[in-house]
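Encoded as structure tokens, the structure appears first; notes follow it.
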Amino acid sequence: MSDVILPQRSSLGARLAKGWARMKREHIIFVLCTLGPVLALFGLIRIYPIAETIWLSFYDYHITRRRNPFVGLANYAYLLEDGPFHEALINTIVFSTFAVVATLVLALACAVLLRSIEKAAPTYELLFYIPVVTPWVPASVIWKWIFDPTYGALNYALSFFGIPRLGWLQDPVLILFALVVVSVWKMVGYFVVIFGVGLRAIPEELLEASELDGVTPWQKLTKIILPLLRPIILFSVVTCTIINVNVFAPVYVLTASAQGAPAYDLKVLVGEIYSNGFVYYHMGYAGAQCVVLLLFVMSLLFVQFLAFREKN
Amino acid sequence: MFRERSVRIAAWISCTVLALFTVVPVLWIVATSFKTAAEINAWPPTFLPHAPTWANFDEILTHTSFPRYILNTLIVSTASTISIMITSSIAGFVFAKYKFPFRGAIFMLLLASATIPLEAYMIPVYIMVFKVKMLDTFVAMIFPLTIMTFGVFFMRQVIMGIPDELLEAARVDGASEMWIYLRIILSLSKNGLMAIGVFAFTQAWAQFMWPLVVVSTGDMYTTELGLAVYQRAFYTEYGPIAAGAVISIVPMLIVFVALRRHIMEGIATTGMKG
């Protein structure tokens, strides 16, 4: 696995030998016997499948066939003309953008505000965290009933403001916002806690000193607190985006079903991967869609890595 | 951070509103699970049940395969938790305390793949499981959940805090490396290992995509899968569905409230990584 990283094979062997020579024999045996199996497992369920996904995307792969023809970029060419895929991609991007912005703005605002009522902060963080430990499926079940057009609590609450009943899960636009609400509800507590960690690390003396200099609270926030929080904000944007781009369980629960309530059949990226790969068994094509997802996630991580290195 | 009176008032109001937003839906489903079918379909909706009943729990626990799903989920989550606790602590120990060639490079590779979601590479994992004819088994369900990169990272962090002198002293007394791991490292990193155990358990318990893909017979369903499929098929029977959702949420809440200090410490480490 290590030769993936180092380009020069000749120096690799030499460095390996030198490295091992510095260690005691019992230590070498212990490291090989303990880390070896863990790394093997890691290779088998992480590294190999990621590489294999890319390989698959160049084949017309069917799981029960003996021979799977190489099709080059045909799967990728089909991505360009596949209508449902485009729809899924647009929905995923729109949903993720709204969900990430809403979650993080809300979480940041509350995390900052919580620092001025520090004594109550642990209790609030506990309450905010309840949806985070709620698995996605029951979370979506809860919200499906709240959004229900006939019996739902949301339409009931809106009726006080004279708003007529809306089909939250039946309308192709409203369902996206319903999904955003579920996602914000589920994840906001996690990011309140994450931002809380960053905010607590800001030395109080720094803020007190700035007060003596006559800085207004708004300047304190925008000129001192937010710049110091930049690494954590970046981490949160990346994490929150990855979570939302992968949205699937709430879509599965909230959208249309054969026998259940009629709802709009919203398409998202992972939903397309699921139906192409595991309903129609077009695994090569689903592989190409996975590569799109992989590229997106990897580019986010790369941006984070670059920013992190810049900081050091 | 801010001592202005107006900011403090704004903090109380907005945090209370957010807390209501996060807590009320969960309370609402708990209340609903104790309502009769007539009350659930009543308009206007009620919040607290007028005549609390166990009927919904009775329905889902005796007339469906839900108990079987719970058992399956417990088996998968427990096996995954044990595996992750073992692999994380031993790999964390080796990365923290031994200098071996390419340690940094291997660790970076491990970390880089940490955030790549299972959804992006599940097809080859599925093909692997298919080829060894293991689809629809516990082995298949547990397989991708046997290691956790964050666990390795976290345990390494915890074990780096254990002084080297302690290990050296044990070695002078003739202790083997395995003995050091079992007797010194494990007992001194107990709290961290607990946190990882909780993470692993909740992660496996909440898993939905992977069971959906590898499980095909009803007998192997997990609670999440059973709940999702059941609510699609019997949407109108909201009472039993609400009871099922409560059954799926409550263990997570108990674990979280009981061990929240460990969990919050763990999250703090994730944040520090960024």
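The way I read the labels, and the way they are meant: chains A, B, ... in the order of the structure tokens, residue 1 as the first residue of every chain, and ligand 1 as the first ligand shown, with later ones counted on from there.
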
Exercise answer, chain B residues close to chain A, 6 Å and only C-alpha atoms, as a list in words: Met1, Phe2, Arg8, Ala11, Ala19, Thr22, Ala91, Pro101, Ala120, Tyr121, Pro124, Pro144, Ala206, Arg232, Ala233, Tyr235, Ala245, Ile249, Ala268, Gly271 and Gly274 of chain B

Who sits within 9 Å of stretch 190-195 of chain B, only C-alpha atoms, same chain under 3 positions skipped, as a ChimeraX atom specification: /B:85,88-89,151,154-155,158-159,185-187,198-200,259,261-266

Set the distance at 9 Å and use only C-alpha atoms: which residues neighbour stretch 67-71 of chain B once local chain neighbours fewer than 5 positions away are removed? I'd like the list as a PyMOL selection string. chain B and resi 60-62+76+218-226+247-248

Output the selection as a PDB file, in the first residue's frame - C-alpha atoms for each residue.
```pdb
ATOM      1  CA  ILE B  60     -45.854  -3.533  16.456  1.00  0.00           C
ATOM      2  CA  LEU B  61     -44.207  -5.874  18.985  1.00  0.00           C
ATOM      3  CA  THR B  62     -46.635  -8.781  18.710  1.00  0.00           C
ATOM      4  CA  VAL B  76     -24.988  -6.112  14.018  1.00  0.00           C
ATOM      5  CA  GLY B 218     -37.652  -9.755   5.895  1.00  0.00           C
ATOM      6  CA  ASP B 219     -36.058 -11.911   8.600  1.00  0.00           C
ATOM      7  CA  MET B 220     -32.759 -10.053   8.253  1.00  0.00           C
ATOM      8  CA  TYR B 221     -34.199  -6.530   8.404  1.00  0.00           C
ATOM      9  CA  THR B 222     -32.771  -4.058  10.892  1.00  0.00           C
ATOM     10  CA  THR B 223     -35.070  -1.699  12.831  1.00  0.00           C
ATOM     11  CA  GLU B 224     -34.207   1.193  10.494  1.00  0.00           C
ATOM     12  CA  LEU B 225     -34.896  -0.832   7.376  1.00  0.00           C
ATOM     13  CA  GLY B 226     -38.026  -2.396   8.864  1.00  0.00           C
ATOM     14  CA  ILE B 247     -38.310   2.127  19.803  1.00  0.00           C
ATOM     15  CA  SER B 248     -35.571   3.106  17.370  1.00  0.00           C
TER      16      SER B 248
END
```

Nearest residue to A:Val100 out of A:Ser210, A:Thr222, A:Ser183, A:Ser299, using only C-alpha atoms? A:Ser183

Can you pull out the residues contacting B:Thr32? Cut-off 9 Å, using only C-alpha atoms, and skip same-chain residues under 2 positions away; I want them as a list in words. Leu27, Trp28, Ile29, Val30, Phe34, Lys35, Thr36, Glu39, Ile40, Thr46, Phe47, Leu48, Pro49, Tyr238, Gly239, Ala242 and Ala243 of chain B
